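A.B. asks: One file: start_21.pdb (PDB, C-alpha atoms, pLDDT in the B column).
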ATOM      1  CA  ALA A   1     -23.439  13.868 -14.252  1.00 44.00           C
ATOM      2  CA  VAL A   2     -22.310  16.671 -11.982  1.00 46.00           C
ATOM      3  CA  VAL A   3     -18.641  16.701 -11.023  1.00 50.00           C
ATOM      4  CA  SER A   4     -17.791  18.371  -7.743  1.00 53.00           C
ATOM      5  CA  THR A   5     -14.824  20.706  -7.963  1.00 54.00           C
ATOM      6  CA  GLN A   6     -12.807  23.024  -5.801  1.00 58.00           C
ATOM      7  CA  SER A   7     -11.820  26.440  -7.107  1.00 56.00           C
ATOM      8  CA  THR A   8      -8.392  27.887  -6.420  1.00 59.00           C
ATOM      9  CA  GLY A   9      -7.893  31.172  -8.183  1.00 66.00           C
ATOM     10  CA  ASN A  10      -8.094  30.464 -11.907  1.00 74.00           C
ATOM     11  CA  CYS A  11      -7.614  26.702 -11.468  1.00 80.00           C
ATOM     12  CA  VAL A  12     -10.334  24.134 -10.938  1.00 81.00           C
ATOM     13  CA  ILE A  13      -9.315  20.968  -9.095  1.00 79.00           C
ATOM     14  CA  PRO A  14     -11.564  17.982  -9.810  1.00 83.00           C
ATOM     15  CA  GLU A  15     -12.784  15.814  -6.963  1.00 88.00           C
ATOM     16  CA  ALA A  16     -10.542  12.819  -6.205  1.00 91.00           C
ATOM     17  CA  PRO A  17     -11.946   9.584  -7.664  1.00 92.00           C
ATOM     18  CA  SER A  18     -13.093   6.657  -5.539  1.00 93.00           C
ATOM     19  CA  LEU A  19     -11.132   3.494  -6.363  1.00 94.00           C
ATOM     20  CA  PHE A  20     -11.264  -0.108  -5.172  1.00 92.00           C
ATOM     21  CA  ILE A  21      -7.971  -1.694  -4.059  1.00 91.00           C
ATOM     22  CA  ARG A  22      -7.707  -5.006  -5.913  1.00 90.00           C
ATOM     23  CA  SER A  23      -4.160  -6.070  -5.078  1.00 90.00           C
ATOM     24  CA  LEU A  24      -0.971  -5.055  -3.265  1.00 91.00           C
ATOM     25  CA  LYS A  25       2.368  -6.259  -4.620  1.00 92.00           C
ATOM     26  CA  ILE A  26       5.573  -6.070  -2.618  1.00 92.00           C
ATOM     27  CA  HIS A  27       8.538  -6.453  -4.958  1.00 93.00           C
ATOM     28  CA  SER A  28      11.761  -7.997  -3.592  1.00 92.00           C
ATOM     29  CA  PRO A  29      10.387  -8.195  -0.040  1.00 91.00           C
ATOM     30  CA  PRO A  30      12.896  -8.574   2.798  1.00 90.00           C
ATOM     31  CA  LYS A  31      13.692 -12.227   3.557  1.00 87.00           C
ATOM     32  CA  GLN A  32      12.169 -11.778   7.037  1.00 85.00           C
ATOM     33  CA  ILE A  33       8.653 -11.614   5.531  1.00 82.00           C
ATOM     34  CA  GLN A  34       9.035 -14.201   2.776  1.00 82.00           C
ATOM     35  CA  GLY A  35       7.385 -17.599   2.948  1.00 73.00           C
ATOM     36  CA  THR A  36       4.812 -19.147   5.230  1.00 69.00           C
ATOM     37  CA  ASN A  37       5.935 -17.437   8.448  1.00 71.00           C
ATOM     38  CA  CYS A  38       5.062 -13.940   7.229  1.00 82.00           C
ATOM     39  CA  ASP A  39       3.615 -11.856  10.074  1.00 87.00           C
ATOM     40  CA  LEU A  40       3.028  -8.714   8.032  1.00 89.00           C
ATOM     41  CA  LEU A  41       0.156  -6.536   9.239  1.00 91.00           C
ATOM     42  CA  VAL A  42      -1.410  -4.384   6.505  1.00 91.00           C
ATOM     43  CA  GLN A  43      -3.384  -1.271   7.411  1.00 94.00           C
ATOM     44  CA  VAL A  44      -5.251   1.047   5.044  1.00 94.00           C
ATOM     45  CA  TRP A  45      -5.989   4.542   6.386  1.00 95.00           C
ATOM     46  CA  ASP A  46      -8.159   7.372   5.074  1.00 93.00           C
ATOM     47  CA  LYS A  47      -6.500  10.389   6.680  1.00 85.00           C
ATOM     48  CA  SER A  48      -6.773   9.440  10.370  1.00 87.00           C
ATOM     49  CA  ASN A  49      -9.465   6.731  10.012  1.00 94.00           C
ATOM     50  CA  LEU A  50      -8.513   3.076   9.819  1.00 94.00           C
ATOM     51  CA  ILE A  51     -10.427   1.538   6.883  1.00 92.00           C
ATOM     52  CA  SER A  52      -9.008  -1.979   6.973  1.00 89.00           C
ATOM     53  CA  SER A  53      -6.442  -3.983   8.916  1.00 88.00           C
ATOM     54  CA  PHE A  54      -5.392  -7.592   8.384  1.00 87.00           C
ATOM     55  CA  ASN A  55      -2.443  -9.843   9.169  1.00 84.00           C
ATOM     56  CA  LEU A  56      -1.122 -11.974   6.311  1.00 82.00           C
ATOM     57  CA  ALA A  57      -0.667 -14.913   8.698  1.00 78.00           C
ATOM     58  CA  SER A  58      -4.434 -15.155   9.240  1.00 79.00           C
ATOM     59  CA  CYS A  59      -6.179 -13.273   6.463  1.00 75.00           C
ATOM     60  CA  SER A  60      -7.741 -16.063   4.381  1.00 74.00           C
ATOM     61  CA  SER A  61     -11.200 -14.478   4.628  1.00 72.00           C
ATOM     62  CA  VAL A  62      -9.857 -11.088   3.473  1.00 74.00           C
ATOM     63  CA  CYS A  63      -7.123 -11.858   0.968  1.00 77.00           C
ATOM     64  CA  ASN A  64      -5.152 -14.501  -0.887  1.00 82.00           C
ATOM     65  CA  VAL A  65      -1.393 -14.310  -0.423  1.00 82.00           C
ATOM     66  CA  SER A  66       1.119 -15.703  -2.896  1.00 83.00           C
ATOM     67  CA  TYR A  67       4.844 -15.422  -3.485  1.00 81.00           C
ATOM     68  CA  LEU A  68       6.060 -15.802  -7.048  1.00 82.00           C
ATOM     69  CA  GLU A  69       9.106 -14.527  -8.907  1.00 75.00           C
ATOM     70  CA  ASP A  70      10.365 -12.342  -6.052  1.00 84.00           C
ATOM     71  CA  THR A  71       6.985 -10.649  -5.543  1.00 86.00           C
ATOM     72  CA  LEU A  72       4.693 -11.023  -2.543  1.00 83.00           C
ATOM     73  CA  THR A  73       1.157 -10.543  -3.883  1.00 87.00           C
ATOM     74  CA  ILE A  74      -1.821  -9.777  -1.660  1.00 81.00           C
ATOM     75  CA  ASP A  75      -5.062 -10.162  -3.653  1.00 85.00           C
ATOM     76  CA  ILE A  76      -8.080  -8.716  -1.881  1.00 80.00           C
ATOM     77  CA  ILE A  77     -10.959 -11.242  -2.001  1.00 74.00           C
ATOM     78  CA  ASP A  78     -13.855  -8.786  -1.719  1.00 70.00           C
ATOM     79  CA  HIS A  79     -12.295  -5.509  -2.743  1.00 61.00           C
ATOM     80  CA  ARG A  80     -15.680  -3.748  -2.711  1.00 65.00           C
ATOM     81  CA  LYS A  81     -14.878  -3.345   0.988  1.00 73.00           C
ATOM     82  CA  LEU A  82     -11.663  -1.456   0.215  1.00 85.00           C
ATOM     83  CA  CYS A  83     -12.956   1.644  -1.539  1.00 90.00           C
ATOM     84  CA  VAL A  84     -10.585   4.590  -1.124  1.00 94.00           C
ATOM     85  CA  THR A  85     -10.874   8.273  -2.032  1.00 94.00           C
ATOM     86  CA  GLY A  86      -8.427  11.158  -1.724  1.00 95.00           C
ATOM     87  CA  ASP A  87      -5.468  10.956   0.681  1.00 96.00           C
ATOM     88  CA  ILE A  88      -4.706   7.348   1.658  1.00 97.00           C
ATOM     89  CA  LYS A  89      -1.969   5.795   3.795  1.00 97.00           C
ATOM     90  CA  ILE A  90      -1.003   2.133   3.540  1.00 95.00           C
ATOM     91  CA  ARG A  91       1.093   0.976   6.491  1.00 96.00           C
ATOM     92  CA  PHE A  92       2.910  -2.342   6.919  1.00 94.00           C
ATOM     93  CA  LYS A  93       4.160  -3.699  10.249  1.00 95.00           C
ATOM     94  CA  SER A  94       6.187  -6.794  11.121  1.00 93.00           C
ATOM     95  CA  ARG A  95       7.819  -7.861  14.374  1.00 93.00           C
ATOM     96  CA  LYS A  96      10.688  -9.141  12.214  1.00 91.00           C
ATOM     97  CA  LEU A  97      11.484  -5.788  10.576  1.00 92.00           C
ATOM     98  CA  PRO A  98      12.760  -2.581  12.156  1.00 91.00           C
ATOM     99  CA  LYS A  99      10.311   0.260  12.690  1.00 91.00           C
ATOM    100  CA  LYS A 100      11.131   3.924  12.450  1.00 91.00           C
ATOM    101  CA  TYR A 101       8.549   6.590  11.691  1.00 93.00           C
ATOM    102  CA  ASP A 102       4.833   6.008  12.277  1.00 93.00           C
ATOM    103  CA  ARG A 103       5.636   2.829  14.291  1.00 92.00           C
ATOM    104  CA  ALA A 104       5.754   1.015  10.936  1.00 94.00           C
ATOM    105  CA  SER A 105       8.158  -1.221   9.072  1.00 95.00           C
ATOM    106  CA  PHE A 106       7.235   0.685   5.918  1.00 96.00           C
ATOM    107  CA  TYR A 107       4.395   2.881   4.708  1.00 97.00           C
ATOM    108  CA  PHE A 108       3.422   5.436   2.107  1.00 96.00           C
ATOM    109  CA  TRP A 109       0.773   8.049   1.333  1.00 96.00           C
ATOM    110  CA  PHE A 110      -0.899   8.720  -1.997  1.00 96.00           C
ATOM    111  CA  ASN A 111      -3.914  10.539  -3.370  1.00 95.00           C
ATOM    112  CA  THR A 112      -6.286   8.676  -5.672  1.00 95.00           C
ATOM    113  CA  MET A 113      -5.963  11.551  -8.172  1.00 93.00           C
ATOM    114  CA  PHE A 114      -2.421  10.319  -8.897  1.00 91.00           C
ATOM    115  CA  VAL A 115      -3.459   6.780  -9.837  1.00 94.00           C
ATOM    116  CA  LYS A 116      -2.960   6.262 -13.565  1.00 91.00           C
ATOM    117  CA  ARG A 117      -4.318   3.299 -15.551  1.00 93.00           C
ATOM    118  CA  GLY A 118      -5.380   1.560 -12.337  1.00 94.00           C
ATOM    119  CA  GLU A 119      -1.866   1.326 -10.889  1.00 95.00           C
ATOM    120  CA  PHE A 120       0.287   3.180  -8.373  1.00 95.00           C
ATOM    121  CA  HIS A 121       3.944   2.151  -7.902  1.00 96.00           C
ATOM    122  CA  LEU A 122       6.675   3.326  -5.534  1.00 96.00           C
ATOM    123  CA  ASP A 123      10.314   2.237  -5.573  1.00 97.00           C
ATOM    124  CA  ARG A 124      12.283   1.765  -2.338  1.00 96.00           C
ATOM    125  CA  ASP A 125      13.484   5.353  -2.248  1.00 96.00           C
ATOM    126  CA  MET A 126       9.888   6.623  -2.300  1.00 97.00           C
ATOM    127  CA  VAL A 127       8.605   4.337   0.494  1.00 97.00           C
ATOM    128  CA  ASP A 128       8.876   5.727   4.018  1.00 96.00           C
ATOM    129  CA  ASN A 129      11.478   4.016   6.247  1.00 96.00           C
ATOM    130  CA  PRO A 130      13.125   1.716   3.593  1.00 95.00           C
ATOM    131  CA  HIS A 131      14.437   4.864   1.910  1.00 95.00           C
ATOM    132  CA  PHE A 132      16.914   5.394   4.772  1.00 94.00           C
ATOM    133  CA  LEU A 133      20.437   4.314   3.865  1.00 95.00           C
ATOM    134  CA  LYS A 134      20.821   2.331   7.106  1.00 95.00           C
ATOM    135  CA  TYR A 135      17.929   0.043   6.004  1.00 94.00           C
ATOM    136  CA  HIS A 136      19.224  -0.665   2.491  1.00 95.00           C
ATOM    137  CA  LYS A 137      20.731  -3.974   3.697  1.00 95.00           C
ATOM    138  CA  ILE A 138      17.201  -5.109   4.606  1.00 95.00           C
ATOM    139  CA  TYR A 139      15.291  -3.509   1.715  1.00 94.00           C
ATOM    140  CA  ASN A 140      17.346  -4.133  -1.411  1.00 93.00           C
ATOM    141  CA  LYS A 141      17.417  -1.984  -4.544  1.00 94.00           C
ATOM    142  CA  GLY A 142      14.558  -3.953  -6.153  1.00 94.00           C
ATOM    143  CA  PHE A 143      12.186  -3.336  -3.230  1.00 94.00           C
ATOM    144  CA  GLY A 144       9.007  -1.503  -4.115  1.00 95.00           C
ATOM    145  CA  VAL A 145       5.248  -1.559  -3.701  1.00 95.00           C
ATOM    146  CA  THR A 146       2.551  -1.556  -6.383  1.00 94.00           C
ATOM    147  CA  VAL A 147      -1.131  -1.042  -5.661  1.00 94.00           C
ATOM    148  CA  LEU A 148      -3.625  -2.168  -8.320  1.00 92.00           C
ATOM    149  CA  PHE A 149      -7.117  -0.653  -8.475  1.00 93.00           C
ATOM    150  CA  ASP A 150     -10.471  -1.051 -10.152  1.00 90.00           C
ATOM    151  CA  GLN A 151     -12.743   1.910 -10.816  1.00 85.00           C
ATOM    152  CA  LYS A 152     -15.825  -0.225 -10.210  1.00 74.00           C
ATOM    153  CA  PRO A 153     -16.186  -3.231  -7.923  1.00 62.00           C
ATOM    154  CA  GLN A 154     -15.788  -6.562  -9.707  1.00 59.00           C
ATOM    155  CA  HIS A 155     -18.302  -9.234  -8.800  1.00 52.00           C
TER     156      HIS A 155
END
Would you mind writing the file's structure down as structure tokens?
C.D. replies:
Amino acid sequence: AVVSTQSTGNCVIPEAPSLFIRSLKIHSPPKQIQGTNCDLLVQVWDKSNLISSFNLASCSSVCNVSYLEDTLTIDIIDHRKLCVTGDIKIRFKSRKLPKKYDRASFYFWFNTMFVKRGEFHLDRDMVDNPHFLKYHKIYNKGFGVTVLFDQKPQH
């Protein structure tokens, strides 16, 4: 197998892997998006291209949503459709939560090269918008987001 690389001086940077998003977990979500009246819109972006967008209030064909032990879990039904490579932004919007940058309630960027053991986790202070002190009353200390991946699509 040939691995594509980029050369920078004496360093060789391997190509970012393609991964399949299996699940999104929102730990200690704000009370405004807990329960059956959750209006959270989830968007997955590849640089400036929208890959996927779905609202948790009406996403039964795209994902299964559950809330257990202070974690809102969004399991992607057919995650073969959510293959990501390189720089990825996941943005969350709700009419019930304040928006600041990027017209989002909260969002974050990552590169698939930084995903270790099929998991990527960010605490509140690493997620854009909840990290602001003025929003700490809404997003408590336990708030965070975990993205779980598969390297190959599961059938």
A.B. asks: Can you list, as an mmCIF file with C-alpha atoms, in the coordinates of the input, every protein, DNA or RNA residue that comes within 10 Å of region 73-76 of chain A when you count only C-alpha atoms, leaving out same-chain residues fewer than 3 positions away?
C.D. replies:
data_model
loop_
_atom_site.group_PDB
_atom_site.id
_atom_site.type_symbol
_atom_site.label_atom_id
_atom_site.label_comp_id
_atom_site.auth_asym_id
_atom_site.auth_seq_id
_atom_site.Cartn_x
_atom_site.Cartn_y
_atom_site.Cartn_z
ATOM 1 C CA PHE A 20 -11.264 -0.108 -5.172
ATOM 2 C CA ILE A 21 -7.971 -1.694 -4.059
ATOM 3 C CA ARG A 22 -7.707 -5.006 -5.913
ATOM 4 C CA SER A 23 -4.160 -6.070 -5.078
ATOM 5 C CA LEU A 24 -0.971 -5.055 -3.265
ATOM 6 C CA LYS A 25 2.368 -6.259 -4.620
ATOM 7 C CA ILE A 26 5.573 -6.070 -2.618
ATOM 8 C CA HIS A 27 8.538 -6.453 -4.958
ATOM 9 C CA VAL A 42 -1.410 -4.384 6.505
ATOM 10 C CA LEU A 56 -1.122 -11.974 6.311
ATOM 11 C CA CYS A 59 -6.179 -13.273 6.463
ATOM 12 C CA SER A 60 -7.741 -16.063 4.381
ATOM 13 C CA SER A 61 -11.200 -14.478 4.628
ATOM 14 C CA VAL A 62 -9.857 -11.088 3.473
ATOM 15 C CA CYS A 63 -7.123 -11.858 0.968
ATOM 16 C CA ASN A 64 -5.152 -14.501 -0.887
ATOM 17 C CA VAL A 65 -1.393 -14.310 -0.423
ATOM 18 C CA SER A 66 1.119 -15.703 -2.896
ATOM 19 C CA TYR A 67 4.844 -15.422 -3.485
ATOM 20 C CA LEU A 68 6.060 -15.802 -7.048
ATOM 21 C CA ASP A 70 10.365 -12.342 -6.052
ATOM 22 C CA HIS A 79 -12.295 -5.509 -2.743
ATOM 23 C CA ARG A 80 -15.680 -3.748 -2.711
ATOM 24 C CA LYS A 81 -14.878 -3.345 0.988
ATOM 25 C CA LEU A 82 -11.663 -1.456 0.215
ATOM 26 C CA VAL A 145 5.248 -1.559 -3.701
ATOM 27 C CA THR A 146 2.551 -1.556 -6.383
ATOM 28 C CA VAL A 147 -1.131 -1.042 -5.661
ATOM 29 C CA LEU A 148 -3.625 -2.168 -8.320
#
A.B. asks: For this file, the PyMOL selection byres ((chain A and resi 92) around 6) selects which residues, as a PyMOL selection string?
C.D. replies: chain A and resi 41-42+91+93+104-107
A.B. asks: Output C-alpha atoms for every residue in that selection, as a CSV table (one decimal), keeping the file's coordinate frame.
C.D. replies:
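That gives us result26.csv:
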chain,number,residue,atom,x,y,z
A,41,LEU,CA,0.2,-6.5,9.2
A,42,VAL,CA,-1.4,-4.4,6.5
A,91,ARG,CA,1.1,1.0,6.5
A,93,LYS,CA,4.2,-3.7,10.2
A,104,ALA,CA,5.8,1.0,10.9
A,105,SER,CA,8.2,-1.2,9.1
A,106,PHE,CA,7.2,0.7,5.9
A,107,TYR,CA,4.4,2.9,4.7
A.B. asks: Output the residue selection produced by the PyMOL selection byres ((chain A and resi 48) around 12) on the file above, formatted as a list in words.
C.D. replies: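 Taken on the displayed file, the PyMOL selection byres ((chain A and resi 48) around 12) yields the residues Gln43, Val44, Trp45, Asp46, Lys47, Asn49, Leu50, Ile51, Asp87, Ile88, Lys89, Ile90 and Trp109 of chain A.
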A.B. asks: Fewer than 4 positions away in the same chain doesn't count, so skip those; otherwise give me all residues within 9 Å of Lys96 (chain A), counting all atoms listed in the file, as a list in words.
C.D. replies: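 Those residues are Gln32, Ile33, Cys38, Asp39, Leu40 and Ser105 of chain A.
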A.B. asks: From the options A:Asp150, A:Gly142, A:Met113, A:Gln34, which residue's atoms come nearest to Asp125 (chain A), counting only C-alpha atoms?
C.D. replies: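 For Asp125 (chain A), the nearest of the candidates is A:Gly142.
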A.B. asks: Of the candidates A:Ser52, A:Pro17, A:Lys99, A:Thr112, which one gets nearest to Tyr135 (chain A) if we count all atoms listed in the file?
C.D. replies: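 Checking each candidate against Tyr135 (chain A), we get A:Lys99 as the closest.
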A.B. asks: If you measure from CA of Thr71 (chain A) to CA of Lys152 (chain A), what distance in Å do you get, rounded to one decimal?
C.D. replies: 25.5 Å
A.B. asks: Just how far from CA of Gly86 (chain A) is CA of Leu72 (chain A), in Å to one decimal?
C.D. replies: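 Between CA of Leu72 (chain A) and CA of Gly86 (chain A) the gap works out to 25.8 Å.
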A.B. asks: I'd like the interatomic distance between CA of Pro30 (chain A) and CA of Lys137 (chain A), to a tenth of an Å.
C.D. replies: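 Result for CA of Pro30 (chain A) versus CA of Lys137 (chain A): 9.1 Å, one decimal.
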A.B. asks: When distances are computed from only C-alpha atoms, which of A:Leu19, A:Phe114, A:Tyr139, A:Leu97 shows the smallest separation from Thr85 (chain A)?
C.D. replies: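 So, comparing all the options, the nearest one is A:Leu19.
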A.B. asks: Please report, as AutoDock Vina command-line options, the centre and edge lengths in Å to one decimal of an axis-aligned box covering all listed atoms of region 43-47 of chain A with 5 Å per side.
C.D. replies:
--center_x -5.8 --center_y 4.6 --center_z 6.2 --size_x 14.8 --size_y 21.7 --size_z 12.4
A.B. asks: For the structure provided, state which residues fall under the PyMOL selection byres ((chain A and resi 126) around 10), and present them as a list in words.
C.D. replies: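 Applying the PyMOL selection byres ((chain A and resi 126) around 10) to the structure shown produces Tyr107, Phe108, Trp109, His121, Leu122, Asp123, Arg124, Asp125, Val127, Asp128, Asn129, Pro130, His131, Gly144 and Val145 of chain A.
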A.B. asks: Pick the closest to Asn37 (chain A) from A:Arg103, A:Ser58, A:Val84, A:Ser53: which is it, counting only C-alpha atoms?
C.D. replies: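 Among the listed residues, the smallest separation from Asn37 (chain A) belongs to A:Ser58.
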